[in-house]
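Peer 1: Provided herewith: start-v6.txt, compact mmCIF, C-alpha atoms and all ligand atoms.
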# COMPACT_ATOMS: atom_id res chain seq x y z
CA MET A 76 207.53 -29.09 56.40
CA MET A 77 209.19 -25.81 57.28
CA TRP A 78 208.49 -23.94 60.50
CA ILE A 79 206.10 -21.42 58.93
CA GLU A 80 203.68 -24.20 57.97
CA ARG A 81 204.00 -25.89 61.37
CA LEU A 82 203.63 -22.73 63.47
CA PRO A 83 200.21 -22.41 65.18
CA LYS A 84 198.91 -19.08 63.91
CA VAL A 85 196.80 -16.28 65.32
CA GLU A 86 194.89 -13.94 63.02
CA LEU A 87 193.20 -10.83 64.38
CA HIS A 88 192.36 -8.75 61.30
CA CYS A 89 190.35 -10.58 58.66
CA HIS A 90 187.20 -9.33 56.94
CA LEU A 91 184.60 -12.01 56.32
CA ASP A 92 183.24 -10.49 53.09
CA GLY A 93 186.76 -10.24 51.64
CA SER A 94 187.83 -13.74 52.69
CA VAL A 95 185.23 -16.23 51.45
CA PRO A 96 187.10 -18.92 49.46
CA VAL A 97 186.63 -18.51 45.68
CA PRO A 98 184.72 -21.78 44.98
CA VAL A 99 182.40 -21.06 47.92
CA LEU A 100 181.76 -17.53 46.68
CA LYS A 101 180.87 -18.98 43.27
CA ARG A 102 178.37 -21.33 44.88
CA LEU A 103 176.85 -18.47 46.89
CA CYS A 104 176.50 -16.38 43.71
CA LEU A 105 174.63 -19.19 41.99
CA ALA A 106 172.41 -19.79 45.02
CA GLY A 107 171.63 -16.07 45.28
CA ASN A 108 171.03 -15.56 41.55
CA VAL A 109 173.95 -13.14 41.30
CA ALA A 110 175.13 -13.11 37.69
CA ILE A 111 178.84 -13.92 37.30
CA PRO A 112 181.13 -14.51 34.33
CA GLY A 113 181.55 -18.19 33.45
CA ASP A 114 185.27 -17.76 32.92
CA ASP A 115 187.29 -18.35 36.10
CA ALA A 116 189.89 -15.67 35.34
CA GLU A 117 187.15 -13.10 34.70
CA PHE A 118 185.42 -14.06 37.94
CA ARG A 119 188.66 -13.65 39.87
CA LYS A 120 189.14 -10.17 38.39
CA LEU A 121 185.89 -9.11 40.07
CA ILE A 122 186.78 -10.39 43.54
CA GLU A 123 190.55 -9.89 43.74
CA ALA A 124 192.28 -6.51 43.99
CA GLY A 125 195.15 -7.78 41.83
CA GLU A 126 198.76 -6.69 41.56
CA ASP A 127 197.97 -3.50 39.68
CA CYS A 128 195.54 -2.20 42.32
CA GLY A 129 196.10 1.56 42.50
CA SER A 130 194.38 2.70 45.70
CA LEU A 131 192.17 1.86 48.66
CA THR A 132 189.15 2.98 46.62
CA GLU A 133 189.99 0.48 43.88
CA TYR A 134 190.67 -2.20 46.48
CA LEU A 135 187.22 -1.73 48.02
CA ARG A 136 185.49 -2.45 44.69
CA ALA A 137 186.27 -6.14 45.15
CA PHE A 138 183.75 -6.26 48.02
CA ASP A 139 180.72 -5.45 45.83
CA LEU A 140 180.15 -8.99 44.65
CA PRO A 141 180.60 -10.83 47.98
CA LEU A 142 178.21 -8.37 49.61
CA GLN A 143 175.60 -9.13 46.94
CA CYS A 144 175.86 -12.83 47.89
CA LEU A 145 175.63 -12.30 51.65
CA ARG A 146 171.90 -11.80 51.80
CA THR A 147 170.52 -14.85 53.58
CA GLU A 148 171.15 -16.67 56.84
CA GLU A 149 172.37 -19.70 54.87
CA ALA A 150 174.90 -17.55 53.02
CA PHE A 151 176.29 -16.13 56.28
CA PHE A 152 176.45 -19.59 57.84
CA THR A 153 178.29 -21.05 54.84
CA ALA A 154 180.63 -18.08 54.36
CA SER A 155 181.62 -18.07 58.04
CA TYR A 156 182.07 -21.82 58.28
CA GLU A 157 184.10 -22.11 55.06
CA THR A 158 186.31 -19.09 55.81
CA ALA A 159 187.19 -20.34 59.30
CA ALA A 160 187.69 -23.93 58.10
CA ASN A 161 189.95 -22.65 55.34
CA ALA A 162 192.05 -20.68 57.84
CA ALA A 163 192.29 -23.74 60.10
CA LYS A 164 193.79 -25.71 57.21
CA GLU A 165 196.82 -23.41 57.11
CA GLY A 166 197.34 -23.73 60.87
CA VAL A 167 195.34 -20.76 62.17
CA CYS A 168 194.17 -21.87 65.62
CA TYR A 169 192.71 -18.54 66.72
CA LEU A 170 190.78 -16.27 64.34
CA GLU A 171 188.92 -13.01 64.78
CA LEU A 172 186.73 -12.43 61.73
CA ARG A 173 185.03 -9.09 61.21
CA PHE A 174 182.11 -7.72 59.23
CA ALA A 175 179.42 -5.04 59.37
CA PRO A 176 176.05 -6.76 59.86
CA LEU A 177 174.14 -3.59 59.02
CA LEU A 178 175.51 -3.66 55.45
CA SER A 179 173.41 -6.79 54.84
CA GLU A 180 170.40 -6.12 57.02
CA THR A 181 166.97 -5.89 55.34
CA SER A 182 163.39 -5.87 56.61
CA LYS A 183 163.34 -9.64 56.00
CA LEU A 184 166.78 -10.31 57.39
CA PRO A 185 167.43 -8.65 60.76
CA ALA A 186 171.02 -8.19 61.96
CA GLU A 187 170.31 -10.54 64.87
CA SER A 188 169.57 -13.41 62.47
CA ILE A 189 172.72 -12.60 60.48
CA ILE A 190 174.93 -12.69 63.57
CA GLU A 191 173.35 -15.90 64.87
CA ALA A 192 173.75 -17.68 61.52
CA ALA A 193 177.36 -16.51 61.17
CA ALA A 194 178.16 -17.56 64.74
CA ALA A 195 176.69 -21.01 64.04
CA GLY A 196 179.06 -21.28 61.07
CA LEU A 197 182.05 -20.58 63.32
CA GLU A 198 180.80 -23.14 65.82
CA LYS A 199 180.72 -25.80 63.13
CA ALA A 200 184.29 -24.94 62.12
CA ALA A 201 185.34 -25.11 65.78
CA LEU A 202 183.78 -28.56 66.20
CA GLU A 203 185.28 -29.96 63.02
CA GLN A 204 188.68 -28.25 62.92
CA GLY A 205 189.34 -27.22 66.51
CA ILE A 206 189.79 -23.56 65.52
CA HIS A 207 188.84 -20.91 68.09
CA ALA A 208 187.00 -18.14 66.25
CA ALA A 209 184.77 -15.17 67.01
CA PHE A 210 183.44 -12.06 65.32
CA ILE A 211 184.31 -8.42 65.61
CA LEU A 212 181.35 -6.28 64.51
CA CYS A 213 182.25 -3.26 62.38
CA GLY A 214 180.61 0.11 62.62
CA MET A 215 181.02 2.04 59.35
CA ARG A 216 182.41 5.55 59.09
CA HIS A 217 179.82 6.66 56.54
CA PHE A 218 176.88 5.35 58.60
CA LYS A 219 174.60 7.58 60.67
CA GLU A 220 175.55 7.73 64.34
CA ALA A 221 172.38 5.85 65.36
CA GLU A 222 173.31 2.95 63.05
CA ASN A 223 176.74 2.62 64.63
CA PHE A 224 175.22 2.75 68.11
CA ARG A 225 172.97 -0.11 67.02
CA THR A 226 176.02 -2.15 65.91
CA LEU A 227 177.54 -1.41 69.31
CA LYS A 228 174.38 -2.66 71.03
CA LEU A 229 174.50 -5.84 68.96
CA ALA A 230 178.13 -6.38 69.93
CA LYS A 231 177.15 -6.08 73.59
CA GLN A 232 174.16 -8.38 73.13
CA TYR A 233 176.23 -11.14 71.49
CA LEU A 234 179.45 -10.66 73.45
CA ASP A 235 180.83 -14.12 74.31
CA ARG A 236 178.09 -15.63 72.15
CA GLY A 237 179.97 -15.52 68.86
CA VAL A 238 181.12 -11.91 69.14
CA CYS A 239 184.30 -10.76 70.90
CA GLY A 240 184.62 -7.08 70.01
CA LEU A 241 183.89 -3.98 67.98
CA ASP A 242 185.62 -2.08 65.15
CA LEU A 243 185.20 0.96 62.97
CA ALA A 244 185.86 0.58 59.24
CA GLY A 245 185.44 2.63 56.07
CA ASP A 246 186.88 5.82 54.60
CA GLU A 247 189.29 7.13 57.21
CA SER A 248 190.23 10.37 55.47
CA ALA A 249 186.64 11.48 54.76
CA PHE A 250 185.40 10.50 58.23
CA PRO A 251 188.29 10.82 60.72
CA ASN A 252 188.25 9.47 64.28
CA GLU A 253 187.26 12.82 65.86
CA ALA A 254 183.65 12.19 64.85
CA PHE A 255 183.46 8.89 66.74
CA GLN A 256 184.40 9.85 70.26
CA GLU A 257 180.95 9.05 71.64
CA TYR A 258 180.87 5.65 69.87
CA PHE A 259 184.10 4.60 71.55
CA ARG A 260 183.18 6.18 74.87
CA ARG A 261 180.06 4.01 74.91
CA ALA A 262 182.06 0.91 73.91
CA SER A 263 184.41 1.52 76.85
CA ARG A 264 181.53 2.09 79.21
CA GLU A 265 179.88 -1.15 78.06
CA ASP A 266 183.17 -3.07 78.42
CA ILE A 267 183.23 -4.05 74.76
CA PRO A 268 186.83 -4.59 73.60
CA PHE A 269 187.52 -2.62 70.43
CA THR A 270 189.99 -2.06 67.65
CA VAL A 271 189.93 0.86 65.19
CA HIS A 272 191.10 0.97 61.57
CA SER A 273 193.55 3.85 62.00
CA GLY A 274 196.48 5.16 60.04
CA GLU A 275 195.92 2.79 57.13
CA CYS A 276 196.61 5.34 54.41
CA GLY A 277 197.96 8.55 55.97
CA ARG A 278 196.70 10.48 59.00
CA LYS A 279 198.57 9.38 62.11
CA GLU A 280 196.30 11.62 64.25
CA ASN A 281 193.73 8.84 63.95
CA ILE A 282 196.14 6.50 65.74
CA GLU A 283 196.66 8.96 68.60
CA LEU A 284 192.90 9.43 68.92
CA ALA A 285 192.19 5.69 68.91
CA VAL A 286 194.68 5.31 71.76
CA SER A 287 193.07 8.15 73.70
CA TYR A 288 189.66 6.49 73.27
CA GLY A 289 190.97 3.31 74.90
CA ALA A 290 191.36 1.04 71.87
CA GLY A 291 192.86 -2.36 72.62
CA ARG A 292 194.28 -2.52 69.12
CA ILE A 293 194.88 -0.45 66.01
CA GLY A 294 194.06 -1.73 62.53
CA HIS A 295 197.08 -1.17 60.23
CA GLY A 296 198.78 1.81 61.96
CA ILE A 297 201.08 2.34 58.97
CA ALA A 298 200.89 6.15 59.30
CA MET A 299 203.11 6.09 62.41
CA LYS A 300 205.96 5.06 60.12
CA GLY A 301 208.78 7.55 60.62
CA ASP A 302 207.36 8.84 63.92
CA VAL A 303 209.65 7.23 66.47
CA ARG A 304 208.00 8.98 69.41
CA LEU A 305 204.56 7.61 68.51
CA GLN A 306 205.93 4.11 67.87
CA GLU A 307 207.59 4.15 71.30
CA LYS A 308 204.38 5.34 72.90
CA ILE A 309 202.42 2.55 71.22
CA ALA A 310 205.08 0.00 72.23
CA ALA A 311 204.99 1.16 75.87
CA SER A 312 201.18 1.01 75.93
CA GLY A 313 201.18 -2.62 74.77
CA ILE A 314 198.39 -1.88 72.28
CA GLY A 315 198.25 -4.35 69.41
CA VAL A 316 198.97 -3.16 65.87
CA GLU A 317 197.31 -5.34 63.24
CA MET A 318 199.63 -5.29 60.24
CA CYS A 319 198.37 -6.57 56.88
CA PRO A 320 201.46 -6.44 54.64
CA SER A 321 200.18 -7.46 51.17
CA SER A 322 196.96 -5.50 51.59
CA ASN A 323 198.93 -2.41 52.65
CA LEU A 324 201.01 -2.71 49.48
CA GLN A 325 197.90 -3.07 47.31
CA THR A 326 196.11 -0.06 48.79
CA LYS A 327 199.34 1.94 48.37
CA ALA A 328 199.65 2.61 52.12
CA VAL A 329 203.34 2.18 51.20
CA THR A 330 204.99 2.14 47.78
CA GLY A 331 207.00 -1.06 48.18
CA TRP A 332 208.54 -3.62 50.53
CA GLU A 333 211.57 -1.43 51.22
CA GLU A 334 209.14 1.22 52.55
CA TYR A 335 207.16 -1.19 54.72
CA PRO A 336 207.70 -0.47 58.45
CA PHE A 337 207.38 -4.04 59.79
CA ARG A 338 210.97 -4.33 61.01
CA ASP A 339 210.94 -0.80 62.52
CA PHE A 340 207.77 -1.53 64.49
CA LEU A 341 208.91 -4.99 65.61
CA ASP A 342 212.35 -3.85 66.73
CA ARG A 343 210.88 -0.91 68.67
CA GLY A 344 208.78 -3.36 70.68
CA VAL A 345 205.41 -2.60 69.11
CA ASN A 346 203.04 -5.53 69.64
CA VAL A 347 202.46 -6.30 65.96
CA SER A 348 200.34 -9.11 64.56
CA VAL A 349 200.46 -10.50 61.03
CA ASN A 350 197.17 -10.61 59.17
CA THR A 351 195.67 -11.09 55.72
CA ASP A 352 193.05 -8.30 55.96
CA ASN A 353 191.23 -10.15 53.15
CA ARG A 354 192.13 -13.68 52.16
CA THR A 355 190.30 -13.57 48.82
CA VAL A 356 190.52 -9.92 47.80
CA THR A 357 194.29 -9.96 48.47
CA ASN A 358 194.64 -13.64 47.48
CA THR A 359 196.76 -14.50 50.50
CA THR A 360 197.04 -16.49 53.75
CA VAL A 361 198.84 -15.88 57.03
CA THR A 362 201.38 -18.48 55.85
CA THR A 363 202.03 -16.42 52.71
CA GLU A 364 202.36 -13.19 54.71
CA LEU A 365 204.87 -14.82 57.09
CA LYS A 366 206.90 -16.10 54.14
CA LEU A 367 206.98 -12.59 52.66
CA LEU A 368 208.12 -11.15 56.00
CA GLN A 369 210.81 -13.81 56.25
CA GLU A 370 211.99 -12.97 52.74
CA HIS A 371 211.91 -9.16 53.04
CA PHE A 372 212.68 -8.62 56.75
CA ASN A 373 214.45 -11.78 57.80
CA LEU A 374 211.69 -12.70 60.25
CA THR A 375 213.02 -15.61 62.32
CA SER A 376 211.09 -18.57 63.71
CA GLY A 377 211.69 -17.33 67.27
CA GLU A 378 210.40 -13.87 66.42
CA ALA A 379 207.32 -15.32 64.72
CA ALA A 380 206.46 -17.64 67.63
CA GLU A 381 206.84 -14.73 70.06
CA LEU A 382 204.73 -12.51 67.78
CA MET A 383 201.92 -15.09 67.73
CA LYS A 384 201.92 -15.33 71.54
CA ARG A 385 201.89 -11.56 71.93
CA SER A 386 199.07 -11.36 69.37
CA MET A 387 197.14 -13.74 71.56
CA ASP A 388 197.74 -11.43 74.55
CA VAL A 389 195.97 -8.56 72.76
CA SER A 390 193.28 -10.74 71.24
CA PHE A 391 189.72 -10.32 72.49
CA ALA A 392 189.57 -13.96 73.60
CA GLN A 393 188.78 -15.13 77.11
CA GLU A 394 191.78 -15.84 79.35
CA SER A 395 191.22 -19.61 79.15
CA THR A 396 191.39 -19.52 75.33
CA LYS A 397 194.52 -17.34 75.42
CA LYS A 398 196.19 -19.94 77.61
CA ILE A 399 195.22 -22.87 75.39
CA VAL A 400 196.49 -21.21 72.21
CA LYS A 401 199.74 -19.97 73.76
CA LYS A 402 200.41 -23.44 75.11
CA LYS A 403 199.88 -24.84 71.63
CA ILE A 404 202.48 -22.41 70.25
CA ASP A 405 204.96 -23.42 72.99
CA GLU A 406 204.34 -27.10 72.34
CA SER A 407 205.10 -26.69 68.64
CA GLY A 408 208.72 -26.37 69.78
CA ILE A 409 209.25 -23.48 67.35
CA ALA A 410 211.52 -20.90 68.95
ZN ZN A 501 190.63 -4.03 57.50
Can you dump the structure from the file as structure tokens?
Ligand SMILES: [Zn+2]
Peer 2:
Amino acid sequence: MMWIERLPKVELHCHLDGSVPVPVLKRLCLAGNVAIPGDDAEFRKLIEAGEDCGSLTEYLRAFDLPLQCLRTEEAFFTASYETAANAAKEGVCYLELRFAPLLSETSKLPAESIIEAAAAGLEKAALEQGIHAAFILCGMRHFKEAENFRTLKLAKQYLDRGVCGLDLAGDESAFPNEAFQEYFRRASREDIPFTVHSGECGRKENIELAVSYGAGRIGHGIAMKGDVRLQEKIAASGIGVEMCPSSNLQTKAVTGWEEYPFRDFLDRGVNVSVNTDNRTVTNTTVTTELKLLQEHFNLTSGEAAELMKRSMDVSFAQESTKKIVKKKIDESGIA
């Protein structure tokens, strides 16, 4: 087995609704009476962005079906358990999964029940596979302010009980970070660690703003490509940058591998992590992403082991968990 398979992995940016394994998603569709095509290839077309994905808008269409299935406590339990167990099988030993509970909340299914069921799913995966996993709750850019404050309150309520942090997701160009100053100010005041999807497709101002709000990490951060000053600032701050290579190519954040700023960021000392963004929508794993980075940017085993440990440093885990996972990486002997 080569070092990439053996390396204990850390994943910080993974959306639950975009990462439910295909056979599990099929089962959830049947259980929830969601009509799906019988043909496997046709089904996959609905839930995968595919190689000819043209934009972020097109990419986001693949979330429609999983969201239709995530409408019961059982579905959240199963989706969370299966996604974490699946990640554990490729050597992920620490996983932060994210989702927006308010997207699935109904009068019959309160967000509290959703979070508790999902957290129970992660607990089962932890017991069976030894994976450390927790949720980041996502506020949504198109939501009303009060709804995002409610997500923030839920994050606080369940912090260290299945939840480890907060995020903001959705259309970054239509709803830029300026509008969310109060949301992040409150998160800071409540001591909720947070990351912000920023600079995914254009607009590096969002990255600067996220930093000024006190973000512990930036989701994607691709827009600081070419801005050496900003990269150096981010490197000096130690803030984590959650890179999602294949997803960034699909959403056309960059036009191709030769344009992808992974090596620039890494060599400038930016604390980058390697993530799938969406295991099912992008049809990938952390193992696959590492192989692509090895192929296109000559990522070495020593660099990857170091990257995993630094990812753990900026994770939202408790200190004791950080220690356990970093020790595991050291003990793998990969350097
Ligand atoms: Zn994302």
Peer 1: By how many Å are atom CA of Arg119 of chain A and atom CA of Leu100 of chain A apart?
Peer 2: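 Separation between atom CA of Arg119 of chain A and atom CA of Leu100 of chain A: 10.4 Å.
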Peer 1: Can you check which parts of chain A lie within 9 Å of ligand ZN 501 (chain A)? Per residue, the shortest pair of atoms and distance in Å to one decimal, counting all atoms listed in the file, sorted by chain and number, as JSON lines.
Peer 2:
{"residue": "A:His88", "atom": "CA", "partner": "A:ZN501", "partner_atom": "ZN", "distance": 6.3}
{"residue": "A:Cys89", "atom": "CA", "partner": "A:ZN501", "partner_atom": "ZN", "distance": 6.7}
{"residue": "A:His90", "atom": "CA", "partner": "A:ZN501", "partner_atom": "ZN", "distance": 6.3}
{"residue": "A:Arg173", "atom": "CA", "partner": "A:ZN501", "partner_atom": "ZN", "distance": 8.4}
{"residue": "A:Ala244", "atom": "CA", "partner": "A:ZN501", "partner_atom": "ZN", "distance": 6.9}
{"residue": "A:Gly245", "atom": "CA", "partner": "A:ZN501", "partner_atom": "ZN", "distance": 8.6}
{"residue": "A:His272", "atom": "CA", "partner": "A:ZN501", "partner_atom": "ZN", "distance": 6.5}
{"residue": "A:Glu275", "atom": "CA", "partner": "A:ZN501", "partner_atom": "ZN", "distance": 8.6}
{"residue": "A:Gly294", "atom": "CA", "partner": "A:ZN501", "partner_atom": "ZN", "distance": 6.5}
{"residue": "A:His295", "atom": "CA", "partner": "A:ZN501", "partner_atom": "ZN", "distance": 7.6}
{"residue": "A:Glu317", "atom": "CA", "partner": "A:ZN501", "partner_atom": "ZN", "distance": 8.9}
{"residue": "A:Cys319", "atom": "CA", "partner": "A:ZN501", "partner_atom": "ZN", "distance": 8.2}
{"residue": "A:Ser322", "atom": "CA", "partner": "A:ZN501", "partner_atom": "ZN", "distance": 8.8}
{"residue": "A:Thr351", "atom": "CA", "partner": "A:ZN501", "partner_atom": "ZN", "distance": 8.9}
{"residue": "A:Asp352", "atom": "CA", "partner": "A:ZN501", "partner_atom": "ZN", "distance": 5.1}
{"residue": "A:Asn353", "atom": "CA", "partner": "A:ZN501", "partner_atom": "ZN", "distance": 7.5}
Peer 1: For Arg136 of chain A, which residue among A:Thr326, A:Phe250, A:Glu378, A:Ser386 is the nearest when counting only C-alpha atoms?
Peer 2: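 Using only C-alpha atoms, Arg136 of chain A sits closest to A:Thr326.
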Peer 1: Nearest to Lys231 of chain A among A:Asp115, A:Glu157, A:Asp266, A:Glu171, with distances taken over only C-alpha atoms: which residue is it?
Peer 2: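 Among the listed residues, the smallest separation from Lys231 of chain A belongs to A:Asp266.
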Peer 1: Name the residues in contact with Asn281 of chain A at a cut-off of 12 Å, using all atoms listed in the file, excluding same-chain residues fewer than 4 positions from it; report them as a PDB file with C-alpha atoms, in the frame of the given file.
Peer 2:
ATOM      1  CA  LEU A 243     185.200   0.960  62.970  1.00  0.00           C
ATOM      2  CA  ASP A 246     186.880   5.820  54.600  1.00  0.00           C
ATOM      3  CA  GLU A 247     189.290   7.130  57.210  1.00  0.00           C
ATOM      4  CA  SER A 248     190.230  10.370  55.470  1.00  0.00           C
ATOM      5  CA  ALA A 249     186.640  11.480  54.760  1.00  0.00           C
ATOM      6  CA  PHE A 250     185.400  10.500  58.230  1.00  0.00           C
ATOM      7  CA  PRO A 251     188.290  10.820  60.720  1.00  0.00           C
ATOM      8  CA  ASN A 252     188.250   9.470  64.280  1.00  0.00           C
ATOM      9  CA  GLU A 253     187.260  12.820  65.860  1.00  0.00           C
ATOM     10  CA  ALA A 254     183.650  12.190  64.850  1.00  0.00           C
ATOM     11  CA  PHE A 255     183.460   8.890  66.740  1.00  0.00           C
ATOM     12  CA  GLN A 256     184.400   9.850  70.260  1.00  0.00           C
ATOM     13  CA  VAL A 271     189.930   0.860  65.190  1.00  0.00           C
ATOM     14  CA  HIS A 272     191.100   0.970  61.570  1.00  0.00           C
ATOM     15  CA  SER A 273     193.550   3.850  62.000  1.00  0.00           C
ATOM     16  CA  GLY A 274     196.480   5.160  60.040  1.00  0.00           C
ATOM     17  CA  GLU A 275     195.920   2.790  57.130  1.00  0.00           C
ATOM     18  CA  CYS A 276     196.610   5.340  54.410  1.00  0.00           C
ATOM     19  CA  GLY A 277     197.960   8.550  55.970  1.00  0.00           C
ATOM     20  CA  ALA A 285     192.190   5.690  68.910  1.00  0.00           C
ATOM     21  CA  VAL A 286     194.680   5.310  71.760  1.00  0.00           C
ATOM     22  CA  SER A 287     193.070   8.150  73.700  1.00  0.00           C
ATOM     23  CA  TYR A 288     189.660   6.490  73.270  1.00  0.00           C
ATOM     24  CA  ALA A 290     191.360   1.040  71.870  1.00  0.00           C
ATOM     25  CA  ILE A 293     194.880  -0.450  66.010  1.00  0.00           C
ATOM     26  CA  GLY A 294     194.060  -1.730  62.530  1.00  0.00           C
ATOM     27  CA  HIS A 295     197.080  -1.170  60.230  1.00  0.00           C
ATOM     28  CA  GLY A 296     198.780   1.810  61.960  1.00  0.00           C
ATOM     29  CA  ILE A 297     201.080   2.340  58.970  1.00  0.00           C
ATOM     30  CA  ALA A 298     200.890   6.150  59.300  1.00  0.00           C
ATOM     31  CA  MET A 299     203.110   6.090  62.410  1.00  0.00           C
ATOM     32  CA  LEU A 305     204.560   7.610  68.510  1.00  0.00           C
TER      33      LEU A 305
END
Peer 1: May I ask which of the residues A:Asp302, A:Glu149, A:Glu222, A:Glu265 is the closest one to Gly240 of chain A, counting only C-alpha atoms?
Peer 2: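 Of all the options, A:Glu265 lies closest to Gly240 of chain A.
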Peer 1: I'd like the interatomic distance between atom CA of Leu121 of chain A and atom CA of Asn108 of chain A, to a tenth of an Å.
Peer 2: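 Computing the Euclidean distance for atom CA of Leu121 of chain A and atom CA of Asn108 of chain A yields 16.3 Å.
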Peer 1: Find the residues around Val85 of chain A up to 7 Å (only C-alpha atoms counted), leave out those fewer than 6 positions away in its own chain, and share them as a list in words.
Peer 2: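 That gives Val167, Cys168, Tyr169, Leu170, Met383, Ser386 and Met387 of chain A.
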Peer 1: Store the residues picked out above, limited to C-alpha atoms, as a PDB file, in the frame of the given file.
Peer 2:
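Below you can see again.pdb, which holds the result:
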ATOM      1  CA  VAL A 167     195.340 -20.760  62.170  1.00  0.00           C
ATOM      2  CA  CYS A 168     194.170 -21.870  65.620  1.00  0.00           C
ATOM      3  CA  TYR A 169     192.710 -18.540  66.720  1.00  0.00           C
ATOM      4  CA  LEU A 170     190.780 -16.270  64.340  1.00  0.00           C
ATOM      5  CA  MET A 383     201.920 -15.090  67.730  1.00  0.00           C
ATOM      6  CA  SER A 386     199.070 -11.360  69.370  1.00  0.00           C
ATOM      7  CA  MET A 387     197.140 -13.740  71.560  1.00  0.00           C
TER       8      MET A 387
END
Peer 1: Rounded to one decimal place, report the atom CA of Glu370 of chain A-atom CA of Leu82 of chain A distance in Å.
Peer 2: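 So the answer is 16.7 Å.
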Peer 1: Pick from A:Leu368, A:Ile111, A:Ala311, A:Ala137: nearest to Asp92 of chain A, with all atoms listed in the file counted?
Peer 2: A:Ala137
Peer 1: From the options A:Asn161, A:Thr226, A:Ser263, A:Thr132, which residue's atoms come nearest to Pro176 of chain A, counting all atoms listed in the file?
Peer 2: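 Among A:Asn161, A:Thr226, A:Ser263, A:Thr132, it is A:Thr226 that comes nearest to Pro176 of chain A.
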Peer 1: Which residues come within 8 Å of Ile190 of chain A, counting only C-alpha atoms, excluding same-chain residues fewer than 4 positions away, as a PyMOL selection string?
Peer 2: chain A and resi 176+186+194+237
Peer 1: Rank nothing, just name the residue among A:Leu229, A:Ala124, A:Leu324, A:Met318 nearest to Arg338 of chain A, using all atoms listed in the file.
Peer 2: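 Comparing A:Leu229, A:Ala124, A:Leu324, A:Met318 against Arg338 of chain A, the winner is A:Met318.
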Peer 1: Skipping near chain neighbours, those fewer than 2 positions away, what residues fall within 10 Å of segment 372-375 of chain A using only C-alpha atoms, listed as a PyMOL selection string?
Peer 2: chain A and resi 78-79+332-333+335-339+341+365-370+377-381+410
